Amino acid sequence: MGRLSMATRKELTAAVSERYRASTRAEKARILDEFVVVTGFHRKHAMRLLRRGEGPFAGRRARPRIYDEAERNALILLWEASDRVCGKRLKALLPVLLEAMERHGHFDLAPEIRGKLLAMSAATIDRTLGPIREGLGRPRRRPAAHALRRSIPIRTSADWDDPAPGFVEADLVAHSGPSTRGSFIQTLVLTDIATGWTECAPLLVREQTLLSTVLTELRKQLPFALLGLDTDNDTVFMNETLKAYCDAANIVFTRCRPYRKNDQAFVEQKNGAVVRRMVGYRRFEGLEAATLLAKLYRSARLFVNFFQPSFKLIAKQRDGARVRKTYSPPATPHQRLVADARTSDAVRSRLQEIYAGLDPVVLLRDIRAMQERLAALADTPPAVRPDGAAQPIDLFLASLRTAWKDGALRPTDRPIVKAKRGRRRPDPLVKAAADLRNWFEAEPWRTGSELLSRLQAEYPGDYPDKLLRTLQRRLKVWRSEQADALLFGPLNKEPPIQEIARPH
């Protein structure tokens, strides 16, 4: 029997109590047994309710109000003076803060109000300040409701047992650049478990209704029906909107374990191999960037799914600490989908028609053109951005023959420049740096030990022997600079080696 609501229990109690009080002892026992079974109350609690004839909370006396408006106003002022700390911290701070504010004439509280404030618990402080906090500051992203999260089953990477095409993993890739502040574009990635077929689409903002709309558009592009959707525990996925969407479309909605990225290994691999490889790590925001990303993914989906072979893990055996993995021969998602026995003939013929009309060089040229426009959008001001017109196909094909000489060709690739570590401690030789440099230029053959001895004679007691290694490193740098000046400086009048006339 399902659990009754509180209103139903109150109505049942009111209906049974009058009959209970008018019955004999034997009848009361029978009525009480039935009442306990139906309501789930404890037997003693049920007896008290039926004797009283009122609802469960009707007999509870109202608690007297302890803190009035005066205490609330004083607490608000103290909370503001504490820079809006939480209740537990404010509770510990109240004695100190009150004393300091009274000492400087900011407060003159009555003794009874002061005593109530000091006796107020941290929970009461938070409860009193709750309505005020709701309208202040940035709203905190609340986690998905526990009941909703529990209603979505967990599926790990070991639970995929050769599913049919149509069971996909989904994830979001953030294009926030080095900072996650503000609004930025995210890419929704879908990866099919059976074939590796990958679809991408940009999301202008993180919003569950927009995600459902974009998911509808991606379902139209998929060559198979979407049967299952496996996501992480992000709140953009864990919500009633997406769950209702999957229920209405008969899509099996599952999730991975929290903080276990290996449960979504298929889509996590595509996040790097497809999205990051195509787009890079720049920050993209706004409608223009979203439009360019959509155009890029329009060509990338055909290039990746029809002309990019990938490996697929078949088996994994563990021998102690060693793991042996067996992979299938590399194949494109198109080839895997056609070879799957569960694929219908209509899907095979449609894919073959699409494949027959595809030119990989044209697709790659369009991808490069969109990458150049994205890089220009992120790196240059609007006034100097190139138009990003597509290069003629013959010139683009000719450039591919010598592209290897220029290194990385993707405009969205940007090497990560490692910052040079500077000095972390004060320079111990800063006071005598000018003298040391003059001594070195006058007698560059002097060793570090000789210079340190002269330094100790000129500045007695200031430079201990342990600075010898530091001084030797300084000499090494100076000698390197001196050698560069001799080879490439303006005083060197000799022509380069390749310009010297060789004797016949």
# chains A, B, ... in the order shown; residues from 1 in each chain; ligands from 1

call {"tool": "residues_around", "arguments": {"residues": "Glu441 in chain A", "least_positions_apart": "3", "cutoff": "12 Å", "atoms": "only C-alpha atoms", "output": "MDAnalysis selection string"}}
result
chainID A and resid 434:438 444:446 451 475 478:479 481:482

call {"tool": "select_by_dssp", "arguments": {"residues": "range 139-239 of chain A", "states": "strand (DSSP E)", "output": "list in words"}}
result
Phe167, Val168, Glu169, Ala170, Asp171, Leu172, Val173, Ala174, Gln186, Thr187, Leu188, Val189, Leu190, Thr191, Asp192, Thr198, Glu199, Cys200, Ala201, Pro202, Leu203, Gly228, Leu229, Asp230 and Thr231 of chain A

call {"tool": "closest_residue", "arguments": {"among": "A:Arg322, A:Arg51, A:Lys10, A:Arg114", "to": "Ala22 in chain A", "atoms": "only C-alpha atoms"}}
result
A:Arg51

call {"tool": "atom_distance", "arguments": {"atom1": "CA of Arg425 in chain A", "atom2": "CA of Lys476 in chain A"}}
result
19.5 Å

call {"tool": "closest_residue", "arguments": {"among": "A:Ala158, A:Asp465, A:Asp192, A:Thr124", "to": "Ala315 in chain A", "atoms": "only C-alpha atoms"}}
result
A:Ala158

call {"tool": "decode", "arguments": {"residues": "range 449-462 of chain A", "atoms": "all heavy atoms", "output": "tab-separated table (two decimals), in the first residue's frame"}}
result
chain	number	residue	atom	x	y	z
A	449	SER	N	85.87	32.61	-7.68
A	449	SER	CA	86.52	32.66	-6.36
A	449	SER	C	87.32	33.95	-6.19
A	449	SER	O	87.31	34.58	-5.12
A	449	SER	CB	87.42	31.45	-6.17
A	449	SER	OG	86.69	30.25	-6.25
A	450	GLU	N	88.01	34.35	-7.25
A	450	GLU	CA	88.81	35.57	-7.17
A	450	GLU	C	87.92	36.81	-7.02
A	450	GLU	O	88.22	37.72	-6.23
A	450	GLU	CB	89.67	35.71	-8.43
A	450	GLU	CG	90.77	34.64	-8.51
A	450	GLU	CD	91.51	34.67	-9.82
A	450	GLU	OE1	90.98	35.26	-10.80
A	450	GLU	OE2	92.61	34.10	-9.89
A	451	LEU	N	86.83	36.84	-7.75
A	451	LEU	CA	85.92	37.97	-7.61
A	451	LEU	C	85.25	38.01	-6.24
A	451	LEU	O	85.02	39.08	-5.67
A	451	LEU	CB	84.85	37.91	-8.71
A	451	LEU	CG	85.29	38.28	-10.12
A	451	LEU	CD1	84.12	38.17	-11.08
A	451	LEU	CD2	85.85	39.70	-10.16
A	452	LEU	N	84.92	36.83	-5.70
A	452	LEU	CA	84.30	36.80	-4.37
A	452	LEU	C	85.29	37.28	-3.30
A	452	LEU	O	84.91	37.99	-2.37
A	452	LEU	CB	83.82	35.38	-4.06
A	452	LEU	CG	83.12	35.19	-2.71
A	452	LEU	CD1	81.87	36.07	-2.63
A	452	LEU	CD2	82.74	33.74	-2.49
A	453	SER	N	86.58	36.90	-3.44
A	453	SER	CA	87.59	37.37	-2.48
A	453	SER	C	87.71	38.89	-2.52
A	453	SER	O	87.80	39.56	-1.48
A	453	SER	CB	88.94	36.72	-2.78
A	453	SER	OG	88.85	35.31	-2.68
A	454	ARG	N	87.70	39.46	-3.72
A	454	ARG	CA	87.78	40.91	-3.84
A	454	ARG	C	86.53	41.57	-3.28
A	454	ARG	O	86.60	42.64	-2.64
A	454	ARG	CB	87.98	41.29	-5.30
A	454	ARG	CG	88.17	42.78	-5.53
A	454	ARG	CD	88.50	43.07	-6.98
A	454	ARG	NE	88.65	44.50	-7.19
A	454	ARG	CZ	88.95	45.06	-8.37
A	454	ARG	NH1	89.14	44.27	-9.44
A	454	ARG	NH2	89.06	46.37	-8.50
A	455	LEU	N	85.38	40.92	-3.51
A	455	LEU	CA	84.13	41.46	-2.99
A	455	LEU	C	84.12	41.46	-1.47
A	455	LEU	O	83.66	42.42	-0.84
A	455	LEU	CB	82.97	40.62	-3.54
A	455	LEU	CG	81.55	41.16	-3.33
A	455	LEU	CD1	81.37	42.48	-4.06
A	455	LEU	CD2	80.52	40.15	-3.82
A	456	GLN	N	84.62	40.39	-0.88
A	456	GLN	CA	84.68	40.32	0.59
A	456	GLN	C	85.65	41.34	1.17
A	456	GLN	O	85.45	41.85	2.28
A	456	GLN	CB	85.06	38.91	1.01
A	456	GLN	CG	83.96	37.88	0.75
A	456	GLN	CD	84.43	36.46	1.00
A	456	GLN	OE1	85.64	36.19	1.02
A	456	GLN	NE2	83.47	35.55	1.16
A	457	ALA	N	86.72	41.66	0.40
A	457	ALA	CA	87.65	42.68	0.87
A	457	ALA	C	87.04	44.08	0.78
A	457	ALA	O	87.27	44.93	1.66
A	457	ALA	CB	88.94	42.62	0.06
A	458	GLU	N	86.27	44.34	-0.28
A	458	GLU	CA	85.64	45.65	-0.45
A	458	GLU	C	84.45	45.85	0.48
A	458	GLU	O	84.20	46.96	0.94
A	458	GLU	CB	85.19	45.81	-1.91
A	458	GLU	CG	86.31	45.84	-2.93
A	458	GLU	CD	87.06	47.17	-2.94
A	458	GLU	OE1	86.51	48.16	-2.39
A	458	GLU	OE2	88.18	47.20	-3.47
A	459	TYR	N	83.68	44.76	0.74
A	459	TYR	CA	82.50	44.83	1.60
A	459	TYR	C	82.66	43.80	2.73
A	459	TYR	O	82.07	42.71	2.66
A	459	TYR	CB	81.22	44.54	0.81
A	459	TYR	CG	80.96	45.49	-0.34
A	459	TYR	CD1	81.47	45.24	-1.61
A	459	TYR	CD2	80.19	46.63	-0.14
A	459	TYR	CE1	81.23	46.11	-2.67
A	459	TYR	CE2	79.93	47.50	-1.19
A	459	TYR	CZ	80.45	47.24	-2.45
A	459	TYR	OH	80.21	48.10	-3.50
A	460	PRO	N	83.45	44.09	3.72
A	460	PRO	CA	83.70	43.09	4.77
A	460	PRO	C	82.42	42.75	5.55
A	460	PRO	O	81.67	43.63	5.94
A	460	PRO	CB	84.73	43.79	5.68
A	460	PRO	CG	84.59	45.25	5.39
A	460	PRO	CD	84.16	45.37	3.97
A	461	GLY	N	82.24	41.45	5.71
A	461	GLY	CA	81.11	40.95	6.49
A	461	GLY	C	79.78	40.89	5.78
A	461	GLY	O	78.80	40.40	6.35
A	462	ASP	N	79.71	41.36	4.53
A	462	ASP	CA	78.41	41.39	3.82
A	462	ASP	C	78.19	40.18	2.93
A	462	ASP	O	77.03	39.83	2.66
A	462	ASP	CB	78.31	42.66	2.98
A	462	ASP	CG	78.18	43.91	3.84
A	462	ASP	OD1	77.87	43.76	5.03
A	462	ASP	OD2	78.37	45.02	3.30
